[in-house]
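A short worksheet on the structure shown next.
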Amino acid sequence: MPLRVYNTLSGEKETFVPLLPGKAGMYVCGVTVYDYCHIGHARANVVFDIIFRYLKYAGYDVTYVRNYTDIDDKIINRANQEGCDYSVISERFIKAFDEDMARLGLAKPTVEPKATDHIGGIIAIIEALVAKGHAYASDGDVYYAVDTFPEYLKLSGRNLEEMQAGARVEVGDKKRNPMDFALWKGSKPGEPWWESPWGQGRPGWHIECSAMSMEFLGKTFDFHGGGKDLIFPHHENEIAQSEAANGCRFVRYWLHNGFVNINSEKMSKSLGNFFTIREVLDKFDPETLRFFILSAHYRSPIDFSDQNLEEARTGLERIYSCLASIDEVLNRIPTSAELPAVECLSAIGLELQEKVAQFIPRFVEAMDDDFNTAQALGGIFETVRATNRFLAESKEFSPVALSLIAHVQHLFDEVGSVLGLFTLNPGQWLDGIKSAKADQIDIASDEIERLIIERTEARAAKNFKRGDEIRDYLLEKGIQLLDSAQGTTWNVK
RNA sequence: GGCGGCGUAGCCAAGUGGUAAGGCAGAGGUCUGCAAAACCUCUAUUCAGCGGUUCAAAUCCGCUCGCCGCCUCCA
């Protein structure tokens with residue numbers, strides 16, 4: 001089965017045929033660095049991180065470019081507010097972005113260019129557009145003349161006349177057509193500037209992505225991604241710039257992720273209903289957030305709430321608990337031990353073996369279908385259940401059984417490396433969750449341990465009344481006891 | 001107003017022509033001194049509603065209702 005991706009340009013799923021066999025070029029619009037990132041940014045970046053990883057997993061030699069837009073009105077505004085140079089702001093939030101992405105466990109893109117390092121390339125494209133009559137200088141600014149590009153709005157499927165009729169577009173005196181957009185803006189006093197054929201100024205929004213993608217991926221490349229809200233005007237304008245300047249197709253497959261909603265409404269700066277990645281990571285661990293994001297298809301909207309995050313965590317705990325059980329068995333039984341010579345599996349063992357055999361094909365099938373991570377997770381859970389079942393019924397483990405569960409462990413590592421999940425030691429991850437929850441409990445862990453010992457002694461003396469008193473007391477405090485043959489452990493409910 | 005998307009069990013969520021994955025929550029059972037965890041069983045004759053195409057539709061078409069997004073900075 002070949003990889004199929006939904007292309008915003010055609011509105012259909014298309015089979016991915018790389019421009020160059022065995023290679024894939026991918027450009028994703030990064031952030032304008034003027035503030036901390038919110039969960040919407042987390043989703044976009046996690047989604048494309050997984051697409052990047054999956055393309056590599058599928059055998060492509062991937063060049064992944066994710067830019068920083070480090071010059072922009074919003075950055076300048078913030079610098080003015082704080083009375084500092086614009087670069088103080090951009091550097092601060094580039095650092096913050098890098099920290100956030102590292103905490104989320106994102107793989108580093110191949111290149112992470114900054115707009116301000118590509119002013120030369122930006123000016124070259126604008127000059128080409130002016131020379132070809134697609135752009136015009138006007139009082140220190142340079143604008144793109146949208147009516148010179150007949151295919152304008154082909155990505156968003158809009159109609160130029162109707163949009164102009166909408167009249168919500170600001171008409172600047174400097175523009176010939178209200179829909180024209182700035183390629184270059186003359187600088188006002190006190191603003192950062194670069195020399196250009198049109199005087200001192202700075203690039204408009206949109207042009208930096210045309211310049212940086214061309215620099216690292218060429219005039220035509222495979223994938224271009226971003227949030228749905230970038231379709232218009234940002235990506236539409238990139239197409240107009242790049243295709244008019246280069247005279248060839250810009251992007252072959254356009255990918256757009258859906259929004260993160262709060263109560264079914266888009267999370268956004270202007271609505272003020274956003275949570276920063278940092279705030280969320282104070283309450284939930286990074287893999288829980290990732291798991292939550294992957295539990296829905298990347299193009300669907302996803303509703304963010306504490307309850308949904310908690311549910312995601314419960315689901316992830318189920319998987320990690322299974323992996324911890326596997327570890328426990330594999331660590332308990334040394335390979336040198338004398339093992340039962342049973343060389344055939346029970347019915348449940350055969351069922352697990354079947355799940356194991358189908359595991360990767362099913363994972364690949366789901367991911368090949370427009371990166372359907374939700375479906376992929378379904379297959380993972382089915383394997384978890386089969387594994388739990390097998391572990392529950394097995395009193396002793398034959399070499400065949402041990403190799404089967406070791407195989408499960410290996411498979412989870414394999415898909416985990418694509419999804420960015422299960423990357424931690426299961427026991428450690430579960431301990432981390434436990435201690436994070438324990439912080440919200442008003443009882444110290446050494447007190448819990450003391451009571452467990454007292455209860456164990458009481459139970460050994462058949463004093464179940466005292467034992468149950470302790471258990472109920474702890475339960476009231478939110479502590480759940482788990483008795484097993486190896487002793488009693490505890491969990492925060 | 002224009003364009004686009006969505007509506008699947010109590011909740012989250014796959015499924016885009018062949019007879020409803022998975023997770024959470026809930027009920028019963030096995031296990032247990034009793035519990036918890038784990039495991040087993042059950043929980044949508046039906047996919048917003050109404051028509052149509054088809055041997056066959058949650059999936060295609062039309063209409064209606066509801067929700068959301070873009071059209072202005074936005075992941």
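We label chains A, B, ... in the order they appear in the structure tokens, count residues from 1 in each chain, and number ligands from 1 in the order shown.
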How close does each residue of chain B get to chain A, giving the shortest atom pair and distance in Å to one decimal for every residue with an atom at most 8 Å away, counting only C-alpha atoms (C1' of nucleotides), sorted by chain and residue number, as a Markdown table?
| residue | atom | partner | partner_atom | distance |
| --- | --- | --- | --- | --- |
| B:G1 | C1' | A:Gly166 | CA | 7.9 |
| B:G2 | C1' | A:Glu162 | CA | 6.4 |
| B:C3 | C1' | A:Arg158 | CA | 5.9 |
| B:C12 | C1' | A:Asn308 | CA | 7.2 |
| B:A13 | C1' | A:Ala296 | CA | 6.5 |
| B:A14 | C1' | A:Gln375 | CA | 5.3 |
| B:A21 | C1' | A:Gly378 | CA | 6.4 |
| B:G22 | C1' | A:Gly378 | CA | 4.1 |
| B:G23 | C1' | A:Gly315 | CA | 6.3 |
| B:C24 | C1' | A:Glu311 | CA | 5.8 |
| B:G33 | C1' | A:Phe464 | CA | 7.2 |
| B:C34 | C1' | A:Asp468 | CA | 7.9 |
| B:A36 | C1' | A:Leu482 | CA | 5.3 |
| B:A37 | C1' | A:Leu482 | CA | 6.6 |
| B:A38 | C1' | A:Ala392 | CA | 6.8 |
| B:C39 | C1' | A:Arg389 | CA | 6.0 |
| B:C68 | C1' | A:Glu265 | CA | 7.2 |
| B:C70 | C1' | A:Asp229 | CA | 6.8 |
| B:C71 | C1' | A:Met163 | CA | 6.8 |
| B:U72 | C1' | A:Val169 | CA | 7.4 |
| B:C74 | C1' | A:Asp229 | CA | 6.7 |
| B:A75 | C1' | A:Gly227 | CA | 4.4 |
For the selection you just gave me, I'd like the residues written to a file as a PDB file, in the first residue's frame, keeping C-alpha atoms (C1' of nucleotides).
ATOM      1  C1'   G B   1     -23.129  37.334   2.335  1.00  0.00           C
ATOM      2  C1'   G B   2     -19.082  34.021  -0.076  1.00  0.00           C
ATOM      3  C1'   C B   3     -16.180  29.558   0.551  1.00  0.00           C
ATOM      4  C1'   C B  12     -13.546  10.809  23.304  1.00  0.00           C
ATOM      5  C1'   A B  13     -12.792   8.596  18.504  1.00  0.00           C
ATOM      6  C1'   A B  14     -11.639   5.300  13.785  1.00  0.00           C
ATOM      7  C1'   A B  21     -12.012  -0.482  15.391  1.00  0.00           C
ATOM      8  C1'   G B  22     -10.220   1.351  19.851  1.00  0.00           C
ATOM      9  C1'   G B  23     -10.133   4.260  24.521  1.00  0.00           C
ATOM     10  C1'   C B  24     -12.709   6.408  28.867  1.00  0.00           C
ATOM     11  C1'   G B  33      -9.915 -12.836  53.382  1.00  0.00           C
ATOM     12  C1'   C B  34     -12.529  -8.276  51.279  1.00  0.00           C
ATOM     13  C1'   A B  36      -7.673  -2.869  43.661  1.00  0.00           C
ATOM     14  C1'   A B  37      -5.118  -4.135  39.128  1.00  0.00           C
ATOM     15  C1'   A B  38      -5.587  -7.577  35.230  1.00  0.00           C
ATOM     16  C1'   C B  39      -8.767 -10.782  32.522  1.00  0.00           C
ATOM     17  C1'   C B  68     -17.657  25.179  13.723  1.00  0.00           C
ATOM     18  C1'   C B  70     -11.761  30.900   6.965  1.00  0.00           C
ATOM     19  C1'   C B  71     -12.850  35.594   4.443  1.00  0.00           C
ATOM     20  C1'   U B  72      -8.526  40.534   9.596  1.00  0.00           C
ATOM     21  C1'   C B  74      -3.408  33.458  13.849  1.00  0.00           C
ATOM     22  C1'   A B  75      -0.753  26.574  14.275  1.00  0.00           C
TER      23        A B  75
END
* Would you mind writing down, as a ChimeraX atom specification, each residue of segment 348-480 of chain A that DSSP on the backbone assigns to alpha helix (DSSP H)? => /A:348-368,373-393,399-419,426-438,445-460,464-476
* Could you check how far atom CA of Leu19 of chain A sits from atom CA of His224 of chain A, in Å to one decimal? => 13.3 Å
For G10 of chain B, find every residue with an atom within 12 Å (counting only C-alpha atoms (C1' of nucleotides)), except residues of its own chain fewer than 5 positions away, and show them as a JSON list (two decimals) with N, CA, C and O atoms (P, O5', C5', C4', C3', O3' and C1' of nucleotides), in the first residue's frame.
[["chain", "number", "residue", "atom", "x", "y", "z"],
["B", 24, "C", "P", -9.48, 2.12, 28.74],
["B", 24, "C", "O5'", -10.32, 3.42, 29.11],
["B", 24, "C", "C5'", -9.66, 4.61, 29.54],
["B", 24, "C", "C4'", -10.67, 5.69, 29.77],
["B", 24, "C", "C3'", -11.78, 5.36, 30.76],
["B", 24, "C", "O3'", -11.35, 5.47, 32.10],
["B", 24, "C", "C1'", -12.71, 6.41, 28.87],
["B", 25, "A", "P", -11.94, 4.51, 33.19],
["B", 25, "A", "O5'", -13.48, 4.93, 33.23],
["B", 25, "A", "C5'", -13.87, 6.18, 33.80],
["B", 25, "A", "C4'", -15.35, 6.39, 33.59],
["B", 25, "A", "C3'", -16.26, 5.31, 34.14],
["B", 25, "A", "O3'", -16.47, 5.44, 35.53],
["B", 25, "A", "C1'", -16.94, 5.86, 31.96],
["B", 26, "G", "P", -16.73, 4.13, 36.40],
["B", 26, "G", "O5'", -18.09, 3.54, 35.81],
["B", 26, "G", "C5'", -19.31, 4.21, 36.03],
["B", 26, "G", "C4'", -20.45, 3.44, 35.40],
["B", 26, "G", "C3'", -20.60, 1.98, 35.86],
["B", 26, "G", "O3'", -21.25, 1.88, 37.11],
["B", 26, "G", "C1'", -20.81, 2.08, 33.51],
["B", 43, "U", "P", -23.99, -6.10, 23.89],
["B", 43, "U", "O5'", -24.11, -4.66, 24.56],
["B", 43, "U", "C5'", -25.26, -4.32, 25.33],
["B", 43, "U", "C4'", -25.11, -2.91, 25.82],
["B", 43, "U", "C3'", -24.63, -1.93, 24.76],
["B", 43, "U", "O3'", -25.74, -1.47, 23.99],
["B", 43, "U", "C1'", -23.40, -1.61, 26.75],
["B", 44, "A", "P", -25.84, -1.77, 22.45],
["B", 44, "A", "O5'", -25.38, -0.38, 21.86],
["B", 44, "A", "C5'", -26.17, 0.79, 22.04],
["B", 44, "A", "C4'", -26.34, 1.45, 20.71],
["B", 44, "A", "C3'", -26.74, 0.49, 19.61],
["B", 44, "A", "O3'", -28.15, 0.24, 19.71],
["B", 44, "A", "C1'", -25.03, 2.00, 18.86]]
* All residues 9 Å or closer to segment 50-67 of chain B, only C-alpha atoms (C1' of nucleotides), same chain fewer than 6 positions away omitted, as a ChimeraX atom specification -> /A:264 /B:6-8,15-20
Contacts of Glu236 of chain A within 12 Å, only C-alpha atoms (C1' of nucleotides), excl. fewer than 2 positions in-chain, as a PDB file with N, CA and C atoms, in the first residue's frame:
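Contents of out.pdb, as written:
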ATOM      1  N   THR A   8      -4.676  19.669   0.346  1.00  0.00           N
ATOM      2  CA  THR A   8      -5.648  20.771   0.412  1.00  0.00           C
ATOM      3  C   THR A   8      -5.923  21.347  -0.971  1.00  0.00           C
ATOM      4  N   LEU A   9      -4.904  21.328  -1.831  1.00  0.00           N
ATOM      5  CA  LEU A   9      -5.048  21.926  -3.157  1.00  0.00           C
ATOM      6  C   LEU A   9      -6.112  21.213  -3.996  1.00  0.00           C
ATOM      7  N   VAL A 146      -2.076  41.102  -7.153  1.00  0.00           N
ATOM      8  CA  VAL A 146      -2.726  39.790  -7.216  1.00  0.00           C
ATOM      9  C   VAL A 146      -3.412  39.537  -8.562  1.00  0.00           C
ATOM     10  N   PHE A 149      -1.744  37.346 -11.319  1.00  0.00           N
ATOM     11  CA  PHE A 149      -1.559  35.904 -11.119  1.00  0.00           C
ATOM     12  C   PHE A 149      -2.923  35.236 -11.207  1.00  0.00           C
ATOM     13  N   GLU A 151      -4.044  32.370 -11.142  1.00  0.00           N
ATOM     14  CA  GLU A 151      -4.399  31.249 -10.267  1.00  0.00           C
ATOM     15  C   GLU A 151      -4.524  31.639  -8.802  1.00  0.00           C
ATOM     16  N   TYR A 152      -4.468  32.943  -8.547  1.00  0.00           N
ATOM     17  CA  TYR A 152      -4.563  33.389  -7.151  1.00  0.00           C
ATOM     18  C   TYR A 152      -5.854  32.867  -6.517  1.00  0.00           C
ATOM     19  N   LEU A 153      -5.743  32.379  -5.281  1.00  0.00           N
ATOM     20  CA  LEU A 153      -6.859  31.814  -4.510  1.00  0.00           C
ATOM     21  C   LEU A 153      -7.195  30.379  -4.902  1.00  0.00           C
ATOM     22  N   LYS A 154      -6.290  29.720  -5.660  1.00  0.00           N
ATOM     23  CA  LYS A 154      -6.593  28.333  -6.050  1.00  0.00           C
ATOM     24  C   LYS A 154      -6.513  27.369  -4.861  1.00  0.00           C
ATOM     25  N   LEU A 155      -5.730  27.729  -3.858  1.00  0.00           N
ATOM     26  CA  LEU A 155      -5.606  26.839  -2.693  1.00  0.00           C
ATOM     27  C   LEU A 155      -6.836  26.929  -1.792  1.00  0.00           C
ATOM     28  N   SER A 156      -7.293  28.151  -1.552  1.00  0.00           N
ATOM     29  CA  SER A 156      -8.422  28.331  -0.634  1.00  0.00           C
ATOM     30  C   SER A 156      -9.756  28.271  -1.357  1.00  0.00           C
ATOM     31  N   GLY A 157      -9.726  28.229  -2.693  1.00  0.00           N
ATOM     32  CA  GLY A 157     -10.971  28.089  -3.445  1.00  0.00           C
ATOM     33  C   GLY A 157     -11.895  29.280  -3.307  1.00  0.00           C
ATOM     34  N   ARG A 158     -11.305  30.444  -3.243  1.00  0.00           N
ATOM     35  CA  ARG A 158     -12.128  31.650  -3.117  1.00  0.00           C
ATOM     36  C   ARG A 158     -12.242  32.371  -4.446  1.00  0.00           C
ATOM     37  N   MET A 179      -6.642  43.956  -2.482  1.00  0.00           N
ATOM     38  CA  MET A 179      -6.197  42.602  -2.166  1.00  0.00           C
ATOM     39  C   MET A 179      -4.685  42.430  -2.296  1.00  0.00           C
ATOM     40  N   PHE A 181      -0.817  42.555  -1.497  1.00  0.00           N
ATOM     41  CA  PHE A 181      -0.202  42.414  -0.164  1.00  0.00           C
ATOM     42  C   PHE A 181       1.270  42.828  -0.236  1.00  0.00           C
ATOM     43  N   HIS A 206       4.933  36.498   4.644  1.00  0.00           N
ATOM     44  CA  HIS A 206       4.732  35.551   3.526  1.00  0.00           C
ATOM     45  C   HIS A 206       6.014  35.330   2.718  1.00  0.00           C
ATOM     46  N   ILE A 207       6.696  36.429   2.375  1.00  0.00           N
ATOM     47  CA  ILE A 207       7.811  36.311   1.447  1.00  0.00           C
ATOM     48  C   ILE A 207       8.972  35.493   2.042  1.00  0.00           C
ATOM     49  N   CYS A 209       8.877  32.813   3.731  1.00  0.00           N
ATOM     50  CA  CYS A 209       8.708  31.364   3.538  1.00  0.00           C
ATOM     51  C   CYS A 209       9.025  30.965   2.099  1.00  0.00           C
ATOM     52  N   SER A 210       8.678  31.844   1.145  1.00  0.00           N
ATOM     53  CA  SER A 210       9.037  31.563  -0.243  1.00  0.00           C
ATOM     54  C   SER A 210      10.562  31.502  -0.378  1.00  0.00           C
ATOM     55  N   HIS A 224       4.215  20.921   1.978  1.00  0.00           N
ATOM     56  CA  HIS A 224       4.229  22.177   2.723  1.00  0.00           C
ATOM     57  C   HIS A 224       3.091  22.094   3.728  1.00  0.00           C
ATOM     58  N   LYS A 228      -4.564  25.045   9.574  1.00  0.00           N
ATOM     59  CA  LYS A 228      -5.610  25.393   8.599  1.00  0.00           C
ATOM     60  C   LYS A 228      -5.751  26.902   8.415  1.00  0.00           C
ATOM     61  N   ASP A 229      -5.475  27.636   9.475  1.00  0.00           N
ATOM     62  CA  ASP A 229      -5.671  29.083   9.380  1.00  0.00           C
ATOM     63  C   ASP A 229      -4.620  29.762   8.497  1.00  0.00           C
ATOM     64  N   LEU A 230      -3.626  29.016   8.070  1.00  0.00           N
ATOM     65  CA  LEU A 230      -2.609  29.605   7.200  1.00  0.00           C
ATOM     66  C   LEU A 230      -2.966  29.479   5.719  1.00  0.00           C
ATOM     67  N   ILE A 231      -4.023  28.724   5.419  1.00  0.00           N
ATOM     68  CA  ILE A 231      -4.384  28.507   4.009  1.00  0.00           C
ATOM     69  C   ILE A 231      -4.577  29.849   3.318  1.00  0.00           C
ATOM     70  N   PHE A 232      -5.395  30.682   3.921  1.00  0.00           N
ATOM     71  CA  PHE A 232      -5.512  32.057   3.457  1.00  0.00           C
ATOM     72  C   PHE A 232      -5.240  32.978   4.626  1.00  0.00           C
ATOM     73  N   PRO A 233      -4.443  34.015   4.428  1.00  0.00           N
ATOM     74  CA  PRO A 233      -3.786  34.382   3.179  1.00  0.00           C
ATOM     75  C   PRO A 233      -2.373  33.803   3.002  1.00  0.00           C
ATOM     76  N   HIS A 234      -1.790  33.287   4.086  1.00  0.00           N
ATOM     77  CA  HIS A 234      -0.348  33.026   4.055  1.00  0.00           C
ATOM     78  C   HIS A 234       0.077  32.087   2.930  1.00  0.00           C
ATOM     79  N   GLU A 238       2.104  32.738  -0.601  1.00  0.00           N
ATOM     80  CA  GLU A 238       3.359  32.052  -0.914  1.00  0.00           C
ATOM     81  C   GLU A 238       3.316  31.458  -2.322  1.00  0.00           C
ATOM     82  N   ILE A 239       2.181  30.861  -2.655  1.00  0.00           N
ATOM     83  CA  ILE A 239       2.038  30.276  -3.989  1.00  0.00           C
ATOM     84  C   ILE A 239       2.181  31.363  -5.051  1.00  0.00           C
ATOM     85  N   ALA A 240       1.478  32.472  -4.831  1.00  0.00           N
ATOM     86  CA  ALA A 240       1.511  33.559  -5.810  1.00  0.00           C
ATOM     87  C   ALA A 240       2.949  34.067  -6.005  1.00  0.00           C
ATOM     88  N   GLN A 241       3.661  34.232  -4.906  1.00  0.00           N
ATOM     89  CA  GLN A 241       5.036  34.733  -4.980  1.00  0.00           C
ATOM     90  C   GLN A 241       5.947  33.741  -5.687  1.00  0.00           C
ATOM     91  N   SER A 242       5.944  32.516  -5.207  1.00  0.00           N
ATOM     92  CA  SER A 242       6.920  31.540  -5.678  1.00  0.00           C
ATOM     93  C   SER A 242       6.646  31.122  -7.123  1.00  0.00           C
ATOM     94  N   GLU A 243       5.377  30.895  -7.440  1.00  0.00           N
ATOM     95  CA  GLU A 243       5.080  30.408  -8.787  1.00  0.00           C
ATOM     96  C   GLU A 243       5.256  31.523  -9.817  1.00  0.00           C
ATOM     97  N   PHE A 250       5.036  25.278  -7.205  1.00  0.00           N
ATOM     98  CA  PHE A 250       5.704  25.523  -5.926  1.00  0.00           C
ATOM     99  C   PHE A 250       5.689  24.265  -5.054  1.00  0.00           C
ATOM    100  N   VAL A 251       4.492  23.859  -4.633  1.00  0.00           N
ATOM    101  CA  VAL A 251       4.353  22.748  -3.689  1.00  0.00           C
ATOM    102  C   VAL A 251       3.463  21.682  -4.305  1.00  0.00           C
ATOM    103  N   TRP A 254      -0.127  19.936  -0.215  1.00  0.00           N
ATOM    104  CA  TRP A 254      -0.365  20.883   0.880  1.00  0.00           C
ATOM    105  C   TRP A 254      -1.063  20.163   2.033  1.00  0.00           C
TER     106      TRP A 254
END
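Of the residues in segment 247-489 of chain A, those that DSSP places in strand (DSSP E) on the basis of the backbone are Val251, Arg252, Tyr253, Trp254, Leu255, His256, Asn257, Val260, Asn261, Ile262, Glu265, Lys266, Ile302, Asp303, Ile479, Gln480, Leu481, Leu482, Asp483, Ser484, Gly487, Thr488 and Thr489 of chain A.
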* Asked: Can you list, as a list in words, every protein, DNA or RNA residue that comes within 8 Å of Trp198 of chain A when you count only C-alpha atoms (C1' of nucleotides), leaving out same-chain residues fewer than 4 positions away?
  -> Ala137, Gly140, Asp141, Val142 and Gly186 of chain A
* To do: Determine, counting only C-alpha atoms (C1' of nucleotides), which protein, DNA and RNA residues have an atom within 12 Å of an atom of Gly420 of chain A; residues of the same chain fewer than 2 positions away are not included. Present the result as a PyMOL selection string.
  => chain A and resi 46-54+102-107+286-291+293-294+373+412-418+422-424
* In Å to one decimal, how far is atom CA of Lys493 of chain A from atom CA of Ala458 of chain A? ->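 About the pair atom CA of Ala458 of chain A and atom CA of Lys493 of chain A: they are 23.5 Å apart.
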* Asked: Nearest to Glu476 of chain A: which of A:His407, A:Asp442, A:Asp285, A:Arg249 is it, counting only C-alpha atoms?
  ->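 Between A:His407, A:Asp442, A:Asp285, A:Arg249, the residue approaching Glu476 of chain A most closely is A:Asp442.
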